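Contents: one structure, followed by commentary.
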Amino acid sequence: MDNYVIEMKNIKKSYYGTTVLHDISLKLKSGEIVGLVGENGAGKSTLMNILFGDEVISSTGGYEGEILIDGKLATIKSSFDALNLGIGMVHQEFSLIPGFTTTENILFNREPTRGSLVSNVFGERLNTLDRKRMNDIATEAIDKVGVKIDKDMLVSSMPVGHKQFTEIAREISKDNLKVLILDEPTAVLTEKEATTMLSSIKSLASRGIAIIFISHRLNEILDICNRVVVIRDGFVVKDSDIKEITVEEITKQMIGREVGDRKKSSRNVSNKNVIMSIKNLYVDMAGENVKNLSLDIYDGEILGIGGLAGQGKLGIPNGIMGLYDAEGEVIYKNEKIDITSPMNTLSKDIAFVSEDRRGVGLLLDESLEWNISFLTMQVKNKFLKKLLKFISFRNKDEIKSVTDHYIDALNIKCTSSKQKARELSGGNQQKVCLAKAFAMQPKFLFVSEPTRGIDVGAKALVLDALKVYNEQHNTTIVMISSEIEELRQICDRIAIVSDGKIAGICDATESVEKFGALMIGAKV
Amino acid sequence: MKFNLKKFLADNSVPIMFIIICIICIPLSGFSTSYLLNEIVTRIVRNAFLILSLLIPIMAGMGLNFGMTLGAMAGEIALIFTSDWQIWGIPGVVLAMILSIPISILLGTLCGNLLNKSRGREMITSYIISFFINGIYQLVVLYMMGPIIPIIHQSIKLPRGYGIRNTVSLLNLRQSIDNLISINILGVKVPVVSFLIIIALCLFIVWFTKTKLGQDMRAVGQNMEVARAAGINVERTRVLSIIMSTVLAGFGMILYLQNMGNIATYSSHSQIGMFCIAALLVGGATVDKASIGNVFLGVILFHLMFIVAPKAGTVITGDSMIGEYFRVFISYGVITLALVMYEAKKHKKKKMAEGDDNEKQ
């Protein structure tokens with residue numbers, strides 16, 4: 001007779017008509033550690049948000065399917081429901097109060113208090129905190145986690161690892177904890193801290209807590225989990241005992257659809273003229289640091305840059321375009337370019353479509369005309385009428401005709417070229433970003449995550465637009481994307497970034513397994 | 001740990017600047033030590049309670065609360081009633097305090113709820129709210145007191161028969177608390193009871209930070225989202241902090257006016273918020289961090305400058321107007337500087353903090 005602490009049965013979830021989870025079932029026994037793996041966007045986070053009662057879920061129409069806790073049907077509508085049912089979660093983003101000590105954070109809003117005369121009159125919130133008991137409970141929780149952290153240290157002065165342990169200690173200190181969800185707990189830790197973390201997770205499981213462990217580091221999964229569950233495109237594609245599976249198999253399940261070989265590229269980029277050469281690039285972009293990266297880009301090719309989130313692929317264009325502090329040598333057409341300010345790079349006809357389209361890419365409250373033309377106006381002094389040589393006016397007719405041309409060419413769905421960028425859908429906003437870059441008529445284009453957060457139809461259009469532009473204008477394109485499939489569709493070569501460096505460059509026709517292996521890097 | 005002089009200077013630049021101004025001005029002004037000490041003691045008694053009322057909203061992350069002006073108005077209305085009823089002395093002060101509580105709570109609730117709707121811009125919003133409520137205050141005091149709200153005593157009514165005079169004399173109430181027990185130490189008159197009241201408020205604030213509500217306010221002040229996720233009612237906590245501040249400001253205003261001995265009906269409250277906030281900043285507080293120590297250092301430095309600067313200006317230039325001009329000019333200049341430096345520091349910190357967070361993803 002199997003007694004499951006938690007059972008999720010046939011969970012379905014869609015956002016605005018897009019189904020993210022199709023049919024997910026997951027069971028955990030007490031004391032069991034289950035590794036949950038999947039590519040970015042496979043549905044892991046959504047599943048965990050459902051389990052933890054995140055607001056996002058209830059505000060978008062809830063979920064379908066059943067969740068059973070200790071065999072009893074449970075309804076989880078808010079994170080308080082989840083907490084009451086004994087589900088704890090350590091999120092990727094820290095939820096700690098910076099000016100509080102470890103103890104205060106562990107017992108945050110669950111502080112033991114002492115009543116007094118005043119609180120009898122004015123209510124419980126005027127109870128005084130029982131510092132001694134707080135210290136006792138916190139010390140006990142820290143001991144259970146099995147690490148040495150100072151209970152009186154302020155969170156703001158802690159190293160990252162300690163913050164992570166504090167969060168875990170907070171969950172442990174809850175008496176009714178049955179299931180603990182850990183979302184990439186080791187991602188920010190040093191090697192040594194990660195080892196401590198893993199052994200403390202094991203010891204927690206031995207106390208009878210069921211643990212769902214999400215990680216991109218597959219060796220960690222193999223190391224501590226009892227079972228591994230692979231999710232892909234909203235389905236559970238593999239649920240296997242850890243002893244019966246290998247890293248290669250997991251990788252294949254994570255990435256591989258029907259691993260079809262891509263058709264050999266119809267054209268061969270035979271002229272291997274290096275148009276841009278990046279040497280020893282360092283970029284200080286928090287979470288996407290580039291460390292000593294070197295890369296040659298050939299004239300006229302589409303180069304894909306892939307890799308897992310946080311490995312530094314986004315840092316490359318942001319650093320070269322001068323948006324983040326960067327060091328290193330970038331030689332473009334045999335000329336060294338200064339990468340400290342965006343204007344320097346832009347003036348060399350190098351354009352960039354940012355991954356942060358609503359923040360960096362668009363002027364949300366301005367018309368499409370403005371959005372598409374302002375960069376070109378700024379950088380190339382185009383679309384301007386001169387009056388008396390030194391006063392320039394915008395040339396409205398020219399701007400309108402260019403905007404209409406791109407609305408047409410990229411099939412941007414809008415009411416008119418005067419519509420505000422904010423009112424467009426995500427996919428169409430992305431097309432406006434592309435149009436903005438195209439209007440500059442760049443010789444070299446960085447495109448960062450062009451398909452993030454847009455639906456399948458729009459995705460195909462965007463990819464197609466890039467490919468066509470590359471062919472028609474012989475523009476070199478460097479496309480950064482987390483989706484390896486998408487890179488394989490349009491790129492000539494694909495470079496995989498791991499830990500801020502190029503792990504390898506392959507022809508786009510290489511097998512998916514090969515890219516998968518490169519992504520996980522030398523850690524396997 | 002090595003003492004970092006540069007950091008110490010940078011963190012305390014505003015108080016240090018004021019100390020330097022005072023050191024230069026004191027000998028120039030030619031005032032005697034006992035005169036200055038007497039003046040400073042008077043100013044502490046007069047202002048400290050009001051400035052202390054600002055501490056709780058700062059703890060709750062609502063910044064420097066100009067909403068304390070509302071409390072001051074409540075205190076004034078209460079005092080107008082007690083003088084109309086001719087209740088003087090200590091009973092008058094106590095009754096006025098009791099009367100001010102419901103008015104303060106009403107105004108504080110209004111202000112707190114409005115500030116919840118303008119998160120992140122509490123300081124400017126509360127400043128404008130104080131102007132708005134000032135309009136309502138004038139309507140009540142100038143037109144409604146008499147015909148609607150019964151005012152009997154002719155001495156406080158305008159000659160036309162309704163509305164309150166520009167000045168309401170509190171002569172029979174003047175310094176009734178200050179003079180209750182007062183001792184003379186080396187020629188300096190020390191009002192013991194007033195000091196005891198201020199010390200009691202300090203103890204209350206210290207105790208309050210140790211309560212659950214105080215802890216919740218600190219949490220809300222530092223990170224509203226985390227506090228909300230942990231189940232704290234963020235909005236209510238913020239409103240409570242403003243209500244407490246308003247009630248305390250009402251008490252503070254009554255103590256202030258009993259020391260002054262008269263109410264300037266239409267102007268007493270209008271500058272009190274500005275002066276209290278200025279004094280707190282001079283004491284080294286910032287928009288998100290203020291301590292009891294800041295309050296006392298601020299009162300002493302700010303008012304010392306107020307006393308000596310005009311005289312020093314007169315001595316240097318021979319023109320008393322220029323001295324007056326200088327003290328206003330310098331004090332507001334320093335406040336502006338304090339606020340700008342705070343923003344710059346916060347911006348830098350935020351940038352670093354963002355770096356930390358992103359590393360996690």
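Following the order of the structure tokens, first chain is A, next is B, and so on, with residues numbered from 1 inside each chain and ligands from 1 in the order they appear.
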
- [ ] Write out as a PyMOL selection string all residues of range 437-499 of chain A that DSSP puts in alpha helix (DSSP H) for this structure's backbone.
- [x] chain A and resi 437-439+456-473+484-490

Written selection (C-alpha atoms) as a compact mmCIF listing (two decimals), in the first residue's frame:
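To be explicit, this is the file written out as again-v4.txt:
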# COMPACT_ATOMS: atom_id res chain seq x y z
CA ALA A 437 16.28 47.96 -36.32
CA PHE A 438 15.65 47.33 -40.03
CA ALA A 439 14.87 51.03 -40.62
CA VAL A 456 3.66 30.15 -32.27
CA GLY A 457 2.25 31.95 -35.30
CA ALA A 458 4.01 35.20 -34.54
CA LYS A 459 7.19 33.25 -33.82
CA ALA A 460 7.29 31.83 -37.31
CA LEU A 461 6.72 35.27 -38.84
CA VAL A 462 9.48 36.87 -36.81
CA LEU A 463 11.96 34.14 -37.68
CA ASP A 464 10.98 34.36 -41.30
CA ALA A 465 11.40 38.14 -41.34
CA LEU A 466 14.92 37.77 -39.97
CA LYS A 467 15.85 35.17 -42.55
CA VAL A 468 14.47 37.22 -45.42
CA TYR A 469 16.23 40.34 -44.24
CA ASN A 470 19.48 38.43 -44.02
CA GLU A 471 19.13 37.14 -47.56
CA GLN A 472 17.97 40.37 -49.17
CA HIS A 473 20.42 42.79 -47.57
CA ILE A 484 17.62 25.52 -29.51
CA GLU A 485 14.96 24.34 -31.98
CA GLU A 486 14.37 27.86 -33.15
CA LEU A 487 18.06 28.48 -33.65
CA ARG A 488 18.33 25.30 -35.66
CA GLN A 489 15.57 26.54 -37.96
CA ILE A 490 17.25 29.66 -39.26

Counting only C-alpha atoms, give me one row per residue of chain A with an atom at most 6 Å from an atom of chain B, showing the shortest contact pair and its distance in Å to one decimal, sorted by chain then residue number, as JSON lines.
{"residue": "A:Ser95", "atom": "CA", "partner": "B:Val226", "partner_atom": "CA", "distance": 5.5}
{"residue": "A:Arg125", "atom": "CA", "partner": "B:Leu213", "partner_atom": "CA", "distance": 5.0}
{"residue": "A:Leu126", "atom": "CA", "partner": "B:Thr211", "partner_atom": "CA", "distance": 5.3}
{"residue": "A:Asn127", "atom": "CA", "partner": "B:Thr211", "partner_atom": "CA", "distance": 5.4}
{"residue": "A:Thr128", "atom": "CA", "partner": "B:Thr211", "partner_atom": "CA", "distance": 4.0}
{"residue": "A:Leu129", "atom": "CA", "partner": "B:Thr211", "partner_atom": "CA", "distance": 5.5}
{"residue": "A:Val188", "atom": "CA", "partner": "B:Lys360", "partner_atom": "CA", "distance": 5.2}
{"residue": "A:Ala286", "atom": "CA", "partner": "B:Gly355", "partner_atom": "CA", "distance": 5.0}
{"residue": "A:Gly287", "atom": "CA", "partner": "B:Glu359", "partner_atom": "CA", "distance": 4.0}

Restricted to N, CA and C atoms, what would the selected residues look like written as a PDB file, in the first residue's frame?
ATOM      1  N   SER A  95      12.578  36.000  -0.880  1.00  0.00           N
ATOM      2  CA  SER A  95      11.602  36.855  -0.236  1.00  0.00           C
ATOM      3  C   SER A  95      11.998  37.034   1.215  1.00  0.00           C
ATOM      4  N   ARG A 125      -1.925  42.833  18.201  1.00  0.00           N
ATOM      5  CA  ARG A 125      -0.754  43.337  17.480  1.00  0.00           C
ATOM      6  C   ARG A 125       0.159  44.153  18.387  1.00  0.00           C
ATOM      7  N   LEU A 126      -0.347  44.520  19.568  1.00  0.00           N
ATOM      8  CA  LEU A 126       0.532  45.238  20.489  1.00  0.00           C
ATOM      9  C   LEU A 126       1.198  44.311  21.499  1.00  0.00           C
ATOM     10  N   ASN A 127       1.091  43.009  21.281  1.00  0.00           N
ATOM     11  CA  ASN A 127       1.896  42.076  22.068  1.00  0.00           C
ATOM     12  C   ASN A 127       3.375  42.360  21.818  1.00  0.00           C
ATOM     13  N   THR A 128       4.190  42.148  22.837  1.00  0.00           N
ATOM     14  CA  THR A 128       5.626  42.321  22.577  1.00  0.00           C
ATOM     15  C   THR A 128       6.209  41.006  22.080  1.00  0.00           C
ATOM     16  N   LEU A 129       7.264  41.121  21.255  1.00  0.00           N
ATOM     17  CA  LEU A 129       7.881  39.929  20.691  1.00  0.00           C
ATOM     18  C   LEU A 129       8.664  39.189  21.776  1.00  0.00           C
ATOM     19  N   VAL A 188      22.715  29.785  -7.448  1.00  0.00           N
ATOM     20  CA  VAL A 188      23.569  30.922  -7.109  1.00  0.00           C
ATOM     21  C   VAL A 188      24.695  30.568  -6.149  1.00  0.00           C
ATOM     22  N   ALA A 286      24.452  41.618 -14.405  1.00  0.00           N
ATOM     23  CA  ALA A 286      24.112  40.735 -13.294  1.00  0.00           C
ATOM     24  C   ALA A 286      23.269  39.568 -13.766  1.00  0.00           C
ATOM     25  N   GLY A 287      23.653  38.364 -13.421  1.00  0.00           N
ATOM     26  CA  GLY A 287      22.894  37.179 -13.793  1.00  0.00           C
ATOM     27  C   GLY A 287      23.234  36.657 -15.171  1.00  0.00           C
TER      28      GLY A 287
END

Which residues, written as a PDB file with N, CA and C atoms, in the first residue's frame, have at least one atom at most 7 Å from Val308 in chain B, with only C-alpha atoms counted and residues fewer than 5 positions away on the same chain left out?
ATOM      1  N   CYS B  25      28.905  80.959  14.109  1.00  0.00           N
ATOM      2  CA  CYS B  25      27.939  82.010  14.446  1.00  0.00           C
ATOM      3  C   CYS B  25      27.875  82.344  15.932  1.00  0.00           C
ATOM      4  N   ILE B  26      28.130  81.339  16.796  1.00  0.00           N
ATOM      5  CA  ILE B  26      27.943  81.596  18.233  1.00  0.00           C
ATOM      6  C   ILE B  26      28.813  82.751  18.743  1.00  0.00           C
ATOM      7  N   SER B  29      27.618  86.117  17.406  1.00  0.00           N
ATOM      8  CA  SER B  29      26.345  86.639  17.902  1.00  0.00           C
ATOM      9  C   SER B  29      26.500  87.299  19.267  1.00  0.00           C
TER      10      SER B  29
END

Open item on the list: I'd like the neighbourhood of range 105-115 of chain A as a PyMOL selection string, where a residue qualifies if any of its atoms comes within 7 Å (using only C-alpha atoms), though same-chain residues fewer than 4 positions away should be ignored.
Closed with: (chain A and resi 96-97+100-101+119+127-130+133-134+138+166+169-170) or (chain B and resi 230)

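Distances to Leu106 in chain B were evaluated for B:Ser268, B:Thr42, B:Gln258, B:Thr246 using only C-alpha atoms, and the minimum falls at B:Thr246.
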
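Residues in contact with Asp84 in chain B at up to 9 Å, not including ones fewer than 4 positions away on its chain and judged by only C-alpha atoms, are Leu79, Ile80, Ile151, Ile152, His153, Gln154, Ser155 and Ile156 of chain B.
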
Task: Contact residues around Met59 in chain B with only C-alpha atoms at 8 Å, ignoring same-chain residues under 4 positions, as a PyMOL selection string - done: chain B and resi 55+217-218+221+288-290

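Across the structure, CA of Ile101 in chain B and CA of Met244 in chain B are spaced 9.9 Å apart.
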
- [ ] Show which residues sit within 10 Å of Pro147 in chain B, as a PyMOL selection string. Count only C-alpha atoms, and ignore same-chain residues fewer than 5 positions away.
- [x] chain B and resi 161-163
